[in-house]
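Working notes for the structure below.
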Amino acid sequence: VLKFKLEGGASPAVERDVQVTLADLNIWREYSVDFSDQIGASHRKLVFFFNAGVLPEPTDIYFIDDIRLSAPPTGSVLEDFENGLDLAWESLGDPAVFGSFNGSVANPLQDGVNDSPWSGSYTKGTSQFGGVKAFLPLGFTLEDFPQLNLQVLAPAGATSLTMKLFSPSQGLKVVTVDITETGVWEALSFIFADFASITDFERLEIVFDENLASQDTWYFDNLTQGEGTVDPCEGTVPVANIVDDFDCQRNVAITNGFDRLAVVANPTPGGTNPDPLDKVGEYSDPQDEWSALVYDFGGPIGLTDFNQLNVRILSSANVPLLFKLEGGTTPAVEFFTNVTATGVWTNYSIDFSGAAATDHTRLAIFFNAGQLAGANDVYYIDDILWRREPFTGCVMDFETAETSFTDWVYFGAGKGTLFEVVTNPAQGGVNPSANVGVFLEPAGDPVWAGMFVDLPAPIALPVGNKTIKMKVWSDHEAPMVMKLEGGLDGAPGSGDNSVLFSTPNQWSELTFDFTSLVPDNALYGRLTLILDIANAPAAPVTYYFDDIEIANSNCGTSGIFNPISVDKLAMYPNPASDYLLVEQTEDLSVFRIMNMMGQTVSTHVTSGQSLVELEVGNLVKGVYVLTAYDAQGALKASGRFVKE
């Protein structure tokens, strides 16, 4: 331990300790000691202690040099390529695949952004995920300087750059920023403030636009670390049902209790809130019975669909909690409960569906409600949001917009194909409904390939009948797997639940029994399907599925033959650059654009015009599906287009 001490004068002595590690031995190392809190003090002496508090050995010798006072640091230059390389840059892998780092080269375009004579150069390989990596300097930390800055001269077609920091304990932390200009130098800023508490970052990686496959040359320069100059929440789109997550989704004003609330790092990761990097609210309860944290929505709280209040709370004591809806013209609604577990994060769900027709404008949360608080009573709170009522019956049948969840995400070795809602190819038998979901599995996929969907409300299985039914069509016999994942209260996932499909070229209703796989009263937000877990396809295979129903519920289409015609949309130009015109749209009200992963990228609502113009200029290049629905939410038409 090195000890640095200010003493003498009228001010009390001040000591600062610095730990010398094994990595510091037998090399020169610069140590910086912060005495900025002693501005105005009257110390007259600076004292150094070597191996402080420990008896020395006879041969202990220390060398010291360059003792100086300096202004507080404002950051540092990690790499500028001016005198060779400061960092040992190399390709992420095989240069033919992941591209080549070309070293320090002459700056090809000295301009107002970057007039330095030298810069780094990288040429992309065959993989679109190519890039470079380098080990960070010893002692690198984000604590005081959470922003990394980099100047980039990108080739034509580039739209983004990704920077990654690797921690042995926490893995890769990734930040991607947009490139707005190509062919000129542009200064980019990467905000790593959410990861400032990680102290063991050892490697930096740069991925040069994973959506760009061209084998062009990029130039990059002046990698610096500094204080945050960009709002880390800039560009965040508010999510309507999130009240406050104490990070970037802080969407409702606090009118009471804001002076007793601080935003802090998660003090006790675990339970339902395990992320140590998550920001949470720290509420100091005043010493009275009825103080509350009050959120004012500025108008009636819409509880028609999202009426299940969910809040995470960390309490050190078993105290009463009160959740209250107030304001407006209707009487207040109160819900009392108790802290169910102390010392760990616990999720509390309050059913306010009975208040759907009210016009309350405020949500009040009382800690230790009705009781006198102690002198230092502190509670932690996080993720205040509204959810839909859990699914207890029909989950999806692809007949209406409300029962046609299209955000299925493919996982597997290949690119997969877009999930679509299509006309039932074999109406009749156990499935006479008009529309079904389709999944095309590409050739060469591993046996575990499939897809999942994150639902807008959790699945709740009844205690006495924890089953889910689903209709399946395939051209071959195969074991089909359904999994429940994303337990909202820390409930374990179900694991693989496999049922044999044994009627090739016919619809069959399969029943997945989760009785022994999930605990009672658990809620799950993700549904995963692996259609044929036994075989890796040698050629593309098509699967159809429909009518996902909980327990004895029914989606309402079984036994009713009422086919709905799904027309092909008339649209042009195709390929499209900035806009897409859709004709004969008088009876259509809602248009959804989905990407090739089945994710909805935009939704457009119209009012019965015969020609609709959709803006697509902000979409990345690729193939998209456009689906159209009538005013009642029924699927009426679809088509594909290419964004060039």
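Just so we're on the same page: first chain in the structure tokens is A, next is B, and so on; residues restart at 1 for each chain, and ligands are numbered from 1 in the order they show up.
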
What lies within 12 Å of Gly120 (chain A) using only C-alpha atoms, ignoring chain neighbours under 4 positions off, as number ranges by chain? A: 79-90, 100-108, 116, 132, 150-153, 217-223

Tell me which protein, DNA and RNA residues are within 9 Å of region 249-259 of chain A, counting only C-alpha atoms, leaving out same-chain ones fewer than 2 positions away, and put them as a list in words. Cys233, Thr236, Val237, Pro238, Val239, Ala240, Ile242, Val243, Asp244, Asp245, Phe246, Asp247, Leu261, Ala262, Tyr283, Ser284, Asp285, Ser291, Ala292, Leu293, Val294, Tyr295, Asp296, Phe297, Gly298 and Ala364 of chain A

Given the selection you just returned, output its residues as a file containing N, CA and C atoms, formatted as a PDB file, in the first residue's frame.
ATOM      1  N   CYS A 233     -30.316   8.398 -22.995  1.00  0.00           N
ATOM      2  CA  CYS A 233     -31.702   8.068 -23.328  1.00  0.00           C
ATOM      3  C   CYS A 233     -32.178   8.782 -24.583  1.00  0.00           C
ATOM      4  N   THR A 236     -34.897   7.455 -27.246  1.00  0.00           N
ATOM      5  CA  THR A 236     -35.760   6.433 -26.662  1.00  0.00           C
ATOM      6  C   THR A 236     -37.221   6.726 -26.985  1.00  0.00           C
ATOM      7  N   VAL A 237     -37.919   5.747 -27.495  1.00  0.00           N
ATOM      8  CA  VAL A 237     -39.341   5.892 -27.797  1.00  0.00           C
ATOM      9  C   VAL A 237     -40.135   5.445 -26.573  1.00  0.00           C
ATOM     10  N   PRO A 238     -40.955   6.317 -25.992  1.00  0.00           N
ATOM     11  CA  PRO A 238     -41.706   5.929 -24.790  1.00  0.00           C
ATOM     12  C   PRO A 238     -42.616   4.732 -25.051  1.00  0.00           C
ATOM     13  N   VAL A 239     -42.635   3.799 -24.130  1.00  0.00           N
ATOM     14  CA  VAL A 239     -43.542   2.661 -24.190  1.00  0.00           C
ATOM     15  C   VAL A 239     -44.756   3.005 -23.334  1.00  0.00           C
ATOM     16  N   ALA A 240     -45.925   3.013 -23.965  1.00  0.00           N
ATOM     17  CA  ALA A 240     -47.108   3.599 -23.338  1.00  0.00           C
ATOM     18  C   ALA A 240     -47.466   2.959 -22.004  1.00  0.00           C
ATOM     19  N   ILE A 242     -45.469   1.566 -19.766  1.00  0.00           N
ATOM     20  CA  ILE A 242     -44.459   1.666 -18.711  1.00  0.00           C
ATOM     21  C   ILE A 242     -44.604   3.012 -18.021  1.00  0.00           C
ATOM     22  N   VAL A 243     -44.798   2.981 -16.715  1.00  0.00           N
ATOM     23  CA  VAL A 243     -44.900   4.209 -15.929  1.00  0.00           C
ATOM     24  C   VAL A 243     -43.510   4.736 -15.606  1.00  0.00           C
ATOM     25  N   ASP A 244     -42.645   3.875 -15.031  1.00  0.00           N
ATOM     26  CA  ASP A 244     -41.310   4.306 -14.612  1.00  0.00           C
ATOM     27  C   ASP A 244     -40.421   3.087 -14.447  1.00  0.00           C
ATOM     28  N   ASP A 245     -39.298   3.055 -15.188  1.00  0.00           N
ATOM     29  CA  ASP A 245     -38.322   1.977 -14.981  1.00  0.00           C
ATOM     30  C   ASP A 245     -37.021   2.519 -14.395  1.00  0.00           C
ATOM     31  N   PHE A 246     -36.979   3.844 -14.109  1.00  0.00           N
ATOM     32  CA  PHE A 246     -35.854   4.517 -13.482  1.00  0.00           C
ATOM     33  C   PHE A 246     -34.594   4.473 -14.346  1.00  0.00           C
ATOM     34  N   ASP A 247     -34.757   4.116 -15.623  1.00  0.00           N
ATOM     35  CA  ASP A 247     -33.684   4.223 -16.600  1.00  0.00           C
ATOM     36  C   ASP A 247     -34.127   5.246 -17.651  1.00  0.00           C
ATOM     37  N   LEU A 261     -37.122  10.708  -3.337  1.00  0.00           N
ATOM     38  CA  LEU A 261     -36.800   9.622  -4.268  1.00  0.00           C
ATOM     39  C   LEU A 261     -35.470   9.906  -4.950  1.00  0.00           C
ATOM     40  N   ALA A 262     -34.574   8.920  -4.939  1.00  0.00           N
ATOM     41  CA  ALA A 262     -33.295   9.020  -5.642  1.00  0.00           C
ATOM     42  C   ALA A 262     -33.166   7.841  -6.596  1.00  0.00           C
ATOM     43  N   TYR A 283     -36.548   5.105  -2.157  1.00  0.00           N
ATOM     44  CA  TYR A 283     -37.549   5.971  -1.528  1.00  0.00           C
ATOM     45  C   TYR A 283     -37.326   5.995  -0.023  1.00  0.00           C
ATOM     46  N   SER A 284     -37.080   7.189   0.515  1.00  0.00           N
ATOM     47  CA  SER A 284     -36.900   7.374   1.961  1.00  0.00           C
ATOM     48  C   SER A 284     -38.240   7.794   2.557  1.00  0.00           C
ATOM     49  N   ASP A 285     -38.817   6.921   3.357  1.00  0.00           N
ATOM     50  CA  ASP A 285     -40.161   7.147   3.893  1.00  0.00           C
ATOM     51  C   ASP A 285     -40.109   8.159   5.038  1.00  0.00           C
ATOM     52  N   SER A 291     -47.698   9.231   3.843  1.00  0.00           N
ATOM     53  CA  SER A 291     -46.934   9.788   2.727  1.00  0.00           C
ATOM     54  C   SER A 291     -46.856   8.739   1.621  1.00  0.00           C
ATOM     55  N   ALA A 292     -46.841   9.210   0.373  1.00  0.00           N
ATOM     56  CA  ALA A 292     -46.875   8.282  -0.755  1.00  0.00           C
ATOM     57  C   ALA A 292     -46.052   8.817  -1.914  1.00  0.00           C
ATOM     58  N   LEU A 293     -45.695   7.914  -2.803  1.00  0.00           N
ATOM     59  CA  LEU A 293     -45.090   8.252  -4.088  1.00  0.00           C
ATOM     60  C   LEU A 293     -46.234   8.332  -5.090  1.00  0.00           C
ATOM     61  N   VAL A 294     -46.469   9.513  -5.668  1.00  0.00           N
ATOM     62  CA  VAL A 294     -47.657   9.736  -6.486  1.00  0.00           C
ATOM     63  C   VAL A 294     -47.255  10.065  -7.926  1.00  0.00           C
ATOM     64  N   TYR A 295     -47.785   9.294  -8.867  1.00  0.00           N
ATOM     65  CA  TYR A 295     -47.595   9.533 -10.297  1.00  0.00           C
ATOM     66  C   TYR A 295     -48.870  10.160 -10.860  1.00  0.00           C
ATOM     67  N   ASP A 296     -48.732  11.316 -11.509  1.00  0.00           N
ATOM     68  CA  ASP A 296     -49.869  12.039 -12.085  1.00  0.00           C
ATOM     69  C   ASP A 296     -49.823  11.897 -13.605  1.00  0.00           C
ATOM     70  N   PHE A 297     -50.827  11.237 -14.177  1.00  0.00           N
ATOM     71  CA  PHE A 297     -50.861  10.957 -15.609  1.00  0.00           C
ATOM     72  C   PHE A 297     -51.355  12.148 -16.424  1.00  0.00           C
ATOM     73  N   GLY A 298     -51.854  13.175 -15.773  1.00  0.00           N
ATOM     74  CA  GLY A 298     -52.310  14.359 -16.481  1.00  0.00           C
ATOM     75  C   GLY A 298     -53.635  14.189 -17.184  1.00  0.00           C
ATOM     76  N   ALA A 364     -51.016   6.259  -6.636  1.00  0.00           N
ATOM     77  CA  ALA A 364     -50.264   6.503  -5.400  1.00  0.00           C
ATOM     78  C   ALA A 364     -49.788   5.172  -4.828  1.00  0.00           C
TER      79      ALA A 364
END

Just the residues within 8 Å of region 36-44 of chain A, please, counting only C-alpha atoms, with nothing from its chain fewer than 4 positions along; format it as a list in words.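 Result of the neighbour search: Leu6, Glu7, Gly8, Gly9, Ala10, Ser11, Ala13 and Pro72 of chain A.
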
Using only C-alpha atoms, pick whichever of A:Ile459, A:Ala539, A:Leu635, A:Leu588 has the shortest atom-to-atom distance to Pro442 (chain A).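 Closest to Pro442 (chain A) of all the choices is A:Ala539.
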
Fewer than 4 positions away in the same chain doesn't count, so skip those; otherwise give me all residues within 9 Å of region 17-23 of chain A, counting only C-alpha atoms, as a count of residues only. 10

For Val625 (chain A): contacts at 7 Å, only C-alpha atoms, fewer than 5 positions along chain excluded, given as a PyMOL selection string: chain A and resi 593-595+639-641

Filtered DSSP result for region 38-149 of chain A, state strand (DSSP E or B), as a ChimeraX atom specification: /A:45-50,75-79,90-91,100-106,118-123,131-135,147-149

Restricted to C-alpha atoms, what would the selected residues look like written as a short mmCIF file (atom, residue, chain, number, x, y, z; two decimals), in the first residue's frame?
data_model
loop_
_atom_site.label_atom_id
_atom_site.label_comp_id
_atom_site.auth_asym_id
_atom_site.auth_seq_id
_atom_site.Cartn_x
_atom_site.Cartn_y
_atom_site.Cartn_z
CA LYS A 45 3.30 19.24 3.81
CA LEU A 46 2.97 16.30 1.41
CA VAL A 47 4.14 12.98 2.91
CA PHE A 48 4.72 9.65 1.08
CA PHE A 49 4.58 6.27 2.89
CA PHE A 50 5.89 3.19 1.03
CA GLY A 75 -10.59 11.64 -20.28
CA SER A 76 -7.83 10.12 -22.37
CA VAL A 77 -6.76 9.19 -25.88
CA LEU A 78 -6.72 5.43 -26.30
CA GLU A 79 -5.59 5.38 -29.95
CA GLU A 90 -6.12 -7.31 -35.03
CA SER A 91 -8.99 -8.88 -36.97
CA SER A 100 -8.15 -7.31 -42.35
CA PHE A 101 -6.70 -4.60 -40.13
CA ASN A 102 -4.36 -2.66 -42.41
CA GLY A 103 -2.46 -0.81 -39.72
CA SER A 104 -1.78 2.91 -39.48
CA VAL A 105 -2.12 4.55 -42.91
CA ALA A 106 -2.14 8.07 -44.29
CA TRP A 118 -2.61 9.18 -39.85
CA SER A 119 -5.58 6.91 -39.25
CA GLY A 120 -6.43 3.23 -38.86
CA SER A 121 -7.63 1.20 -41.86
CA TYR A 122 -9.82 -1.91 -42.06
CA THR A 123 -11.06 -3.89 -45.10
CA GLY A 131 -14.31 -6.08 -37.44
CA VAL A 132 -11.27 -5.53 -35.24
CA LYS A 133 -10.35 -6.02 -31.60
CA ALA A 134 -7.69 -4.86 -29.16
CA PHE A 135 -6.87 -5.31 -25.48
CA GLN A 147 -18.28 7.57 -23.08
CA LEU A 148 -16.04 6.32 -25.90
CA ASN A 149 -15.64 8.48 -29.00
#

Residues within 8 Å of Lys164 (chain A), only C-alpha atoms, excluding chain neighbours under 3 positions, as a PyMOL selection string: chain A and resi 172-175+204-206
